[in-house]
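J.: What follows is a single structure, and I will ask about it in a moment.
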Amino acid sequence: MRILVLIAIGLLLYVIIGNLLRRNRTSSTTISAEKMVQCKHCKLHILEDEALRSGDDFFCSKEHLESEK
Ligand SMILES: [Zn+2]
């Protein structure tokens with residue numbers, strides 16, 4: 001009977017740890033997933049961090065930013 005209890009506890013821990021690991025993985029992917037924006041001039045998708053911003057518009061390069069002015 002004691003063995004069954006140990007197996008039950010083991011299975012419970014396995015499920016709990018599995019859920020925790022899965023939750024950590026999904027939360028870390030949402031953190032690393034960076035926001036994409038579109039260049040107003042050539043419609044190229046770029047990371048918001050790398051994009052040049054002019055008001056509400058984003059551009060992939062300085063040339064495209066200048067050409068939309
Ligand atoms: Zn562009």
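Following the order of the structure tokens, first chain is A, next is B, and so on, with residues numbered from 1 inside each chain and ligands from 1 in the order they appear.
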Where in chain A does DSSP assign alpha helix (DSSP H), given as an NGL selection string?
T.: :A and (2-32 or 62-67)
J.: For the selection you just gave me, I'd like the residues written to a file as a tab-separated table (two decimals), in the first residue's frame, keeping N, CA and C atoms.
T.:
```tsv
chain	number	residue	atom	x	y	z
A	2	ARG	N	1.97	1.22	0.74
A	2	ARG	CA	2.85	2.39	0.81
A	2	ARG	C	3.47	2.69	-0.56
A	3	ILE	N	3.76	1.61	-1.28
A	3	ILE	CA	4.35	1.78	-2.61
A	3	ILE	C	3.38	2.51	-3.55
A	4	LEU	N	2.11	2.17	-3.47
A	4	LEU	CA	1.10	2.83	-4.30
A	4	LEU	C	1.04	4.32	-4.00
A	5	VAL	N	1.13	4.67	-2.70
A	5	VAL	CA	1.10	6.09	-2.30
A	5	VAL	C	2.32	6.81	-2.88
A	6	LEU	N	3.48	6.16	-2.79
A	6	LEU	CA	4.71	6.76	-3.33
A	6	LEU	C	4.59	6.97	-4.85
A	7	ILE	N	4.01	5.97	-5.53
A	7	ILE	CA	3.84	6.08	-6.98
A	7	ILE	C	2.89	7.24	-7.31
A	8	ALA	N	1.81	7.34	-6.51
A	8	ALA	CA	0.84	8.42	-6.72
A	8	ALA	C	1.50	9.78	-6.52
A	9	ILE	N	2.31	9.92	-5.47
A	9	ILE	CA	3.01	11.18	-5.20
A	9	ILE	C	4.00	11.47	-6.33
A	10	GLY	N	4.69	10.42	-6.77
A	10	GLY	CA	5.64	10.59	-7.86
A	10	GLY	C	4.98	11.07	-9.13
A	11	LEU	N	3.83	10.47	-9.45
A	11	LEU	CA	3.10	10.88	-10.65
A	11	LEU	C	2.62	12.32	-10.53
A	12	LEU	N	2.14	12.68	-9.33
A	12	LEU	CA	1.65	14.03	-9.08
A	12	LEU	C	2.78	15.05	-9.28
A	13	LEU	N	3.95	14.75	-8.70
A	13	LEU	CA	5.10	15.64	-8.85
A	13	LEU	C	5.50	15.76	-10.32
A	14	TYR	N	5.45	14.62	-11.03
A	14	TYR	CA	5.83	14.60	-12.45
A	14	TYR	C	4.93	15.53	-13.25
A	15	VAL	N	3.60	15.45	-12.95
A	15	VAL	CA	2.63	16.30	-13.66
A	15	VAL	C	2.85	17.77	-13.31
A	16	ILE	N	3.05	18.06	-12.01
A	16	ILE	CA	3.22	19.46	-11.56
A	16	ILE	C	4.49	20.06	-12.17
A	17	ILE	N	5.60	19.31	-12.10
A	17	ILE	CA	6.86	19.81	-12.64
A	17	ILE	C	6.76	19.98	-14.16
A	18	GLY	N	6.07	19.04	-14.83
A	18	GLY	CA	5.87	19.14	-16.28
A	18	GLY	C	5.12	20.39	-16.65
A	19	ASN	N	4.07	20.69	-15.86
A	19	ASN	CA	3.30	21.90	-16.12
A	19	ASN	C	4.12	23.16	-15.89
A	20	LEU	N	4.93	23.16	-14.83
A	20	LEU	CA	5.77	24.33	-14.53
A	20	LEU	C	6.77	24.57	-15.64
A	21	LEU	N	7.40	23.48	-16.11
A	21	LEU	CA	8.40	23.62	-17.18
A	21	LEU	C	7.75	24.14	-18.46
A	22	ARG	N	6.54	23.61	-18.77
A	22	ARG	CA	5.86	24.04	-19.97
A	22	ARG	C	5.48	25.51	-19.87
A	23	ARG	N	5.03	25.94	-18.66
A	23	ARG	CA	4.64	27.33	-18.48
A	23	ARG	C	5.85	28.25	-18.63
A	24	ASN	N	6.98	27.84	-18.07
A	24	ASN	CA	8.20	28.64	-18.19
A	24	ASN	C	8.61	28.79	-19.65
A	25	ARG	N	8.48	27.70	-20.42
A	25	ARG	CA	8.89	27.73	-21.82
A	25	ARG	C	8.01	28.69	-22.62
A	26	THR	N	6.67	28.63	-22.37
A	26	THR	CA	5.78	29.50	-23.14
A	26	THR	C	5.97	30.96	-22.74
A	27	SER	N	6.22	31.22	-21.44
A	27	SER	CA	6.38	32.61	-21.02
A	27	SER	C	7.70	33.17	-21.56
A	28	SER	N	8.74	32.32	-21.65
A	28	SER	CA	10.02	32.82	-22.16
A	28	SER	C	9.95	33.10	-23.65
A	29	THR	N	9.10	32.33	-24.39
A	29	THR	CA	8.99	32.60	-25.82
A	29	THR	C	8.23	33.90	-26.06
A	30	THR	N	7.26	34.22	-25.18
A	30	THR	CA	6.54	35.47	-25.38
A	30	THR	C	7.45	36.66	-25.07
A	31	ILE	N	8.39	36.46	-24.13
A	31	ILE	CA	9.31	37.55	-23.81
A	31	ILE	C	10.30	37.76	-24.97
A	32	SER	N	10.80	36.64	-25.52
A	32	SER	CA	11.79	36.77	-26.59
A	32	SER	C	11.15	37.14	-27.93
A	62	LYS	N	17.22	54.61	-43.31
A	62	LYS	CA	17.18	56.07	-43.31
A	62	LYS	C	16.70	56.61	-44.67
A	63	GLU	N	17.11	55.91	-45.74
A	63	GLU	CA	16.73	56.33	-47.09
A	63	GLU	C	15.22	56.33	-47.25
A	64	HIS	N	14.58	55.26	-46.77
A	64	HIS	CA	13.14	55.16	-46.90
A	64	HIS	C	12.43	56.18	-46.02
A	65	LEU	N	13.00	56.45	-44.87
A	65	LEU	CA	12.43	57.48	-43.98
A	65	LEU	C	12.49	58.84	-44.68
A	66	GLU	N	13.64	59.12	-45.30
A	66	GLU	CA	13.82	60.41	-45.98
A	66	GLU	C	12.86	60.52	-47.18
A	67	SER	N	12.65	59.40	-47.90
A	67	SER	CA	11.85	59.46	-49.13
A	67	SER	C	10.37	59.66	-48.84
```
J.: Considering only strand (DSSP E) as DSSP defines it on the backbone, what residues of chain A qualify? List them as a ChimeraX atom specification.
T.: /A:36-38,45-47,52-54,57-59
J.: Could you save the residues just selected, with C-alpha atoms, as a PDB file, in the first residue's frame?
T.:
```
ATOM      1  CA  MET A  36       7.431  43.301 -35.864  1.00  0.00           C
ATOM      2  CA  VAL A  37       6.638  46.509 -37.706  1.00  0.00           C
ATOM      3  CA  GLN A  38       6.286  47.266 -41.409  1.00  0.00           C
ATOM      4  CA  HIS A  45       8.841  43.630 -41.973  1.00  0.00           C
ATOM      5  CA  ILE A  46      11.488  44.570 -39.431  1.00  0.00           C
ATOM      6  CA  LEU A  47      11.913  44.333 -35.688  1.00  0.00           C
ATOM      7  CA  LEU A  52      13.465  53.857 -37.674  1.00  0.00           C
ATOM      8  CA  ARG A  53      10.434  55.646 -36.326  1.00  0.00           C
ATOM      9  CA  SER A  54       8.857  58.819 -37.610  1.00  0.00           C
ATOM     10  CA  ASP A  57       5.274  55.310 -39.130  1.00  0.00           C
ATOM     11  CA  PHE A  58       8.199  52.869 -39.243  1.00  0.00           C
ATOM     12  CA  PHE A  59      10.958  52.602 -41.831  1.00  0.00           C
TER      13      PHE A  59
END
```
J.: Hey, which of A:Gly55, A:Lys35, A:Lys40, A:Glu50 ends up closest to ligand 1? Count only C-alpha atoms and all ligand atoms.
T.: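 Checking each candidate against ligand 1, we get A:Lys40 as the closest.
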J.: With only C-alpha atoms and all ligand atoms as the basis for distance, which of A:Asp56, A:Glu34, A:Leu44, A:Met1 is at the shortest distance from ligand 1?
T.: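 Of all the options, A:Leu44 lies closest to ligand 1.
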